[in-house]
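Peer 1: What follows is run-v1.cif, mmCIF, C-alpha atoms.
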data_work
#
loop_
_atom_site.label_atom_id
_atom_site.label_comp_id
_atom_site.auth_asym_id
_atom_site.auth_seq_id
_atom_site.Cartn_x
_atom_site.Cartn_y
_atom_site.Cartn_z
CA PHE A 20 -4.50 8.05 9.77
CA SER A 21 -0.97 8.90 10.93
CA TYR A 22 1.14 9.86 13.96
CA ASN A 23 -1.28 8.83 16.68
CA LEU A 24 -0.53 7.34 20.12
CA PHE A 25 -3.16 4.88 21.37
CA THR A 26 -2.67 3.57 24.94
CA PRO A 27 -5.95 2.24 26.39
CA THR A 28 -5.90 0.07 29.52
CA ILE A 29 -9.47 -1.29 29.31
CA ALA A 30 -9.95 -5.02 28.75
CA HIS A 31 -11.19 -4.73 25.16
CA SER A 32 -9.85 -2.00 22.88
CA PHE A 33 -9.58 -1.69 19.11
CA PHE A 34 -7.28 0.68 17.25
CA ILE A 35 -8.41 0.14 13.63
CA ILE A 36 -11.36 -1.94 12.41
CA THR A 37 -12.04 -1.76 8.69
CA ARG A 38 -14.13 -3.89 6.34
CA GLY A 39 -14.22 -5.08 2.78
CA ALA A 40 -17.02 -5.55 0.26
CA GLY A 41 -18.51 -8.47 2.17
CA ASP A 42 -19.90 -6.09 4.79
CA THR A 43 -22.69 -3.95 3.32
CA THR A 44 -23.86 -2.62 6.69
CA PHE A 45 -20.67 -1.00 8.00
CA GLY A 46 -18.60 -1.30 4.84
CA PRO A 47 -16.86 -1.48 2.56
CA VAL A 48 -14.29 1.09 3.67
CA PRO A 49 -11.85 1.49 0.76
CA GLY A 50 -8.67 3.52 0.90
CA THR A 51 -7.92 3.25 4.62
CA ILE A 52 -4.27 4.30 5.19
CA VAL A 53 -2.62 3.70 8.58
CA GLU A 54 1.00 4.88 8.87
CA HIS A 55 3.42 5.89 11.64
CA ASN A 56 1.22 5.16 14.65
CA THR A 57 2.15 3.69 18.04
CA THR A 58 -0.23 1.55 20.08
CA TYR A 59 0.29 0.13 23.57
CA GLN A 60 -2.90 -1.74 24.40
CA THR A 61 -2.52 -3.64 27.66
CA GLY A 62 -6.02 -5.09 28.11
CA ALA A 63 -6.29 -8.87 27.78
CA GLY A 64 -8.75 -8.57 24.89
CA SER A 65 -7.04 -5.72 23.06
CA GLN A 66 -6.75 -5.78 19.27
CA ALA A 67 -4.74 -3.33 17.21
CA VAL A 68 -5.76 -3.77 13.54
CA VAL A 69 -8.59 -5.92 12.16
CA CYS A 70 -9.53 -5.97 8.47
CA GLY A 71 -12.30 -8.43 7.63
CA SER A 72 -15.18 -9.23 5.27
CA GLY A 73 -12.92 -9.18 2.24
CA CYS A 74 -9.83 -7.19 3.16
CA THR A 75 -7.81 -6.27 0.07
CA SER A 76 -4.93 -4.01 -0.88
CA SER A 77 -7.50 -1.42 -1.95
CA MET A 78 -9.08 -1.47 1.51
CA LEU A 79 -6.08 -1.11 3.82
CA THR A 80 -2.51 0.18 3.67
CA LEU A 81 -0.62 -0.52 6.91
CA ARG A 82 2.97 0.76 7.05
CA SER A 83 5.55 1.92 9.59
CA ASN A 84 3.47 1.32 12.74
CA ILE A 85 4.37 -0.07 16.17
CA LEU A 86 1.39 -2.23 17.14
CA TRP A 87 1.43 -3.63 20.69
CA ALA A 88 -1.77 -5.48 21.60
CA GLU A 89 -2.31 -8.37 23.99
CA ASP A 90 -4.90 -10.36 22.00
CA LYS A 91 -4.37 -9.54 18.30
CA ALA A 92 -1.82 -7.20 16.79
CA LEU A 93 -3.06 -7.81 13.23
CA TYR A 94 -5.83 -9.90 11.71
CA ALA A 95 -6.82 -9.73 8.04
CA ASP A 96 -8.82 -12.17 5.93
CA ASP A 97 -6.97 -11.41 2.68
CA ARG A 98 -3.94 -9.59 1.34
CA LEU A 99 -3.44 -5.92 2.27
CA VAL A 100 -0.61 -3.44 1.69
CA GLU A 101 1.58 -4.22 4.72
CA SER A 102 5.21 -3.31 5.36
CA HIS A 103 7.74 -1.85 7.82
CA ASN A 104 5.61 -2.60 10.92
CA ILE A 105 6.63 -3.86 14.37
CA TYR A 106 4.24 -6.19 16.25
CA TRP A 107 4.53 -7.16 19.92
CA ASN A 108 2.76 -7.99 23.20
CA SER A 109 3.82 -8.48 26.80
CA ALA A 110 4.19 -12.26 26.39
CA GLY A 111 6.56 -11.81 23.46
CA LEU A 112 4.18 -13.79 21.23
CA PRO A 113 2.10 -11.29 19.25
CA PHE A 114 -0.86 -12.67 17.29
CA VAL A 115 -0.43 -11.74 13.63
CA GLN A 116 -2.54 -13.51 11.04
CA ILE A 117 -3.32 -12.86 7.38
CA GLU A 118 -5.30 -15.77 5.97
CA LYS A 119 -7.64 -16.05 2.99
CA ARG A 120 -10.35 -18.71 2.99
CA LEU A 121 -10.39 -20.53 -0.34
CA THR A 122 -13.41 -21.61 -2.33
CA GLY A 123 -13.96 -25.28 -1.67
CA GLY A 124 -12.22 -25.22 1.68
CA GLY A 125 -8.78 -24.59 3.05
CA VAL A 126 -6.94 -21.37 3.69
CA GLN A 127 -4.08 -19.49 2.08
CA VAL A 128 -1.60 -18.15 4.63
CA ILE A 129 -0.25 -14.78 3.49
CA PRO A 130 3.12 -13.88 5.07
CA LEU A 131 4.08 -10.52 6.45
CA SER A 132 6.34 -8.28 4.44
CA SER A 133 10.03 -9.05 4.92
CA THR A 134 10.40 -5.49 6.25
CA SER A 135 8.03 -6.12 9.17
CA LYS A 136 9.12 -7.66 12.48
CA LEU A 137 7.77 -9.49 15.50
CA ALA A 138 10.03 -7.69 17.96
CA ASP A 139 10.07 -5.72 21.20
CA PRO A 140 9.97 -2.04 20.15
CA ARG A 141 11.97 -1.13 23.29
CA PHE A 142 10.02 1.90 24.39
CA THR A 143 11.88 4.30 26.67
CA ASN A 144 9.44 3.90 29.58
CA PRO A 145 5.71 3.21 29.07
CA ALA A 146 5.04 3.93 32.77
CA THR A 147 6.24 7.55 32.51
CA PRO A 148 4.75 7.51 29.83
CA ASN A 149 7.47 7.78 27.18
CA PHE A 150 6.87 5.82 23.99
CA THR A 151 9.90 7.08 22.10
CA PRO A 152 11.95 4.01 21.09
CA ARG A 153 15.34 3.49 22.69
CA SER A 154 18.41 3.98 20.56
CA ASN A 155 18.79 0.20 20.12
CA SER A 156 15.16 -0.28 19.08
CA PRO A 157 14.37 -2.17 15.86
CA ALA A 158 12.21 0.85 14.99
CA VAL A 159 15.18 3.17 14.42
CA ASN A 160 15.77 3.99 10.74
CA ALA A 161 13.42 1.13 9.78
CA GLY A 162 10.34 2.94 8.46
CA HIS A 163 9.07 3.18 4.91
CA GLY A 164 11.27 5.69 3.14
CA ALA A 165 8.57 6.97 0.80
CA ILE A 166 6.20 8.18 3.53
CA ALA A 167 6.67 11.93 3.74
CA PHE A 168 5.59 13.73 6.91
CA PRO A 169 7.45 16.82 8.15
CA HIS A 170 7.08 16.14 11.90
CA ASP A 171 6.29 13.30 14.30
CA LEU A 172 3.76 13.30 17.12
CA ALA A 173 6.12 15.34 19.34
CA LEU A 174 6.75 17.83 16.50
CA THR A 175 10.26 16.47 15.98
CA PRO A 176 11.35 16.85 12.33
CA VAL A 177 11.16 13.63 10.29
CA PRO A 178 13.49 11.93 9.61
CA GLN A 179 16.18 12.31 12.27
CA GLY A 180 18.33 9.63 10.63
CA GLY A 181 18.54 8.66 7.01
CA ILE A 182 15.13 6.95 7.07
CA PRO A 183 12.04 7.67 9.21
CA ASP A 184 11.73 5.58 12.36
CA VAL A 185 8.82 3.16 12.74
CA GLY A 186 5.94 4.41 14.90
CA GLY A 187 4.78 7.82 16.01
CA PHE A 188 8.04 9.13 17.53
CA GLU A 189 11.47 9.79 16.05
CA VAL A 190 14.63 9.07 18.03
CA LYS A 191 16.60 12.32 18.30
CA PRO A 192 20.35 12.61 17.74
CA CYS A 193 22.45 13.46 20.80
CA PRO A 194 24.98 16.26 20.42
CA GLY A 195 28.35 15.17 19.05
CA ARG A 196 30.27 11.92 18.88
CA LEU A 197 32.68 9.95 21.04
CA GLY A 198 35.55 9.53 18.65
CA ARG A 199 35.68 9.05 14.94
CA ASP A 200 35.18 5.27 15.07
CA ARG A 201 31.89 5.33 16.97
CA ALA A 202 28.36 5.66 15.68
CA PRO A 203 26.57 9.03 16.01
CA ALA A 204 24.78 9.22 19.34
CA ARG A 205 20.98 9.03 19.46
CA ALA A 206 18.68 10.27 22.23
CA LEU A 207 15.27 9.37 23.53
CA VAL A 208 13.18 12.41 24.33
CA GLY A 209 11.11 12.63 27.47
CA ALA A 210 10.32 15.80 29.40
CA GLY A 211 13.41 17.42 27.89
CA TYR A 212 15.78 14.64 28.87
CA GLY A 213 16.93 11.55 27.04
CA TRP A 214 19.18 8.52 27.29
CA CYS A 215 22.01 9.03 24.83
CA THR A 216 23.97 6.16 23.34
CA LEU A 217 27.36 7.78 23.50
CA GLY A 218 29.39 4.91 22.17
CA VAL A 219 28.87 1.37 20.97
CA TRP A 220 31.85 -0.88 20.38
CA PRO A 221 32.63 -4.58 21.00
CA GLY A 222 31.79 -5.56 24.54
CA ARG A 223 30.80 -2.11 25.71
CA THR A 224 27.98 0.39 25.39
CA SER A 225 28.10 3.76 27.15
CA THR A 226 24.97 5.74 28.01
CA SER A 227 24.30 8.92 29.92
CA MET A 228 21.39 11.22 30.75
CA THR A 229 21.59 14.41 28.70
CA ARG A 230 19.57 17.62 28.73
CA LEU A 231 18.20 18.19 25.22
CA ALA A 232 17.69 21.57 23.63
CA PRO A 233 14.14 22.27 22.42
CA SER A 234 13.48 21.23 18.83
#
Could you take the file, read its structure, and then write that structure out as structure tokens?
Peer 2:
Amino acid sequence: FSYNLFTPTIAHSFFIITRGAGDTTFGPVPGTIVEHNTTYQTGAGSQAVVCGSGCTSSMLTLRSNILWAEDKALYADDRLVESHNIYWNSAGLPFVQIEKRLTGGGVQVIPLSSTSKLADPRFTNPATPNFTPRSNSPAVNAGHGAIAFPHDLALTPVPQGGIPDVGGFEVKPCPGRLGRDRAPARALVGAGYGWCTLGVWPGRTSTSMTRLAPS
């Protein structure tokens, strides 16, 4: 399940619900793979990914996604394959919980992968809508390097940098550089235009609106 954009505005929305062996009515659902998706769920009761009734690494692989949900960005009741994700909500306090209930009482808190972040993905402009990350987004060059897809959701070749970006959209390079000592420019695509980071150096960042050639 890869390169999808999910942007519901209803009060209660769910991107992925999957179940382990404890659910014999609607589950188990082994081998669910969720990679390089972007969600922007603005309803108060929205939940991005829920894996219950015995979630395990054989049930769910969750990698390189941007998951924005107001109620729960991620809930799992046991360890899953999880890495290179970005979690957020409008309050800046995304709910992310992986906890296993232990026999005899108590819970084991399972931490996120060190490659995942609770961070604003810095979308270009959700109101437009444009969910391509900005050039200074934590999503840029932060995806899982072993995930091989030829194109993103906008049919942009993947990767545009050395490593795929997190989420469903790659950040495109702008044409050229501003001097040898400055980082290559990156653009955010939207209706053929993008904000290009033309130069980044101490105390100053230069941007401009640039017309992009079709991919």
Peer 1: Given the point (15.3, 13.0, 10.3) in the coordinates of this file, which residues lie within 10 Å, counting all atoms listed in the file, and how would they look as a PyMOL selection string?
Peer 2: chain A and resi 160+169-171+175-184+189-192
Peer 1: Find, counting all atoms listed in the file, the residue in A:Phe20, A:Ala110, A:Gln66, A:Asp42 that gets nearest to Thr80 (chain A).
Peer 2: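 Of all the options, A:Phe20 lies closest to Thr80 (chain A).
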Peer 1: Please compute the CA of Asp139 (chain A)-CA of Cys74 (chain A) distance, one decimal, in Å.
Peer 2: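 Between these atoms lies a distance of 26.9 Å.
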Peer 1: Expand the PyMOL selection byres ((chain A and resi 57-62) around 9) into the individual residues it matches in the shown file, reporting them as a PyMOL selection string.
Peer 2: chain A and resi 22-34+55-56+63-67+84-90+108-109+145+150+185-188
Peer 1: What does the structure give for the distance between CA of Ala146 (chain A) and CA of Val159 (chain A), in Å to one decimal?
Peer 2: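 Separating CA of Ala146 (chain A) from CA of Val159 (chain A) is a distance of 21.0 Å.
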Peer 1: Provide the CA of Lys136 (chain A) to CA of Arg153 (chain A) distance in Å, to one decimal place.
Peer 2: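 Atom-to-atom, CA of Lys136 (chain A) to CA of Arg153 (chain A), that is 16.3 Å.
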Peer 1: Ranking A:Leu93, A:Val69, A:Ile105, A:Ile35 by minimum distance to Ala161 (chain A) and counting all atoms listed in the file, which one comes first?
Peer 2: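 Answer, going by the shortest atom-to-atom distance: A:Ile105.
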Peer 1: Check the smallest atom-to-atom distance from each of A:Ile129, A:Cys70, A:Ile166, A:Ile52 to Ala95 (chain A) using all atoms listed in the file, then report the winner.
Peer 2: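 Selected residue with least distance to Ala95 (chain A): A:Cys70.
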Peer 1: List the neighbours of region 111-121 of chain A out to 7 Å using all atoms listed in the file; skip same-chain residues closer than 2 positions along the sequence, and give me the result as JSON, numbers by chain.
Peer 2: {"A": [90, 91, 92, 93, 94, 95, 96, 97, 98, 106, 107, 108, 109, 123, 124, 125, 126, 127, 128, 129, 130]}
Peer 1: Which one is closest to Gly46 (chain A): A:Leu172, A:Ala158, A:Val68, A:Met78? Count all atoms listed in the file.
Peer 2: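 Distance minimum relative to Gly46 (chain A) lands on A:Met78.
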Peer 1: Neighbouring residues of Gly39 (chain A) were defined as those with any atom within 6 Å, considering all atoms listed in the file; residues of the same chain fewer than 2 positions away were excluded. Please report them as number ranges by chain.
Peer 2: A: 41, 47, 72-74
Peer 1: List the residues matched by the PyMOL selection byres ((chain A and resi 99) around 6) in the displayed structure as a PyMOL selection string, ordered by chain and then by residue number.
Peer 2: chain A and resi 75-76+79+98+100-101
Peer 1: Of the candidates A:Thr43, A:Thr37, A:Ser77, A:Ser135, which one gets nearest to Gly162 (chain A) if we count all atoms listed in the file?
Peer 2: A:Ser135
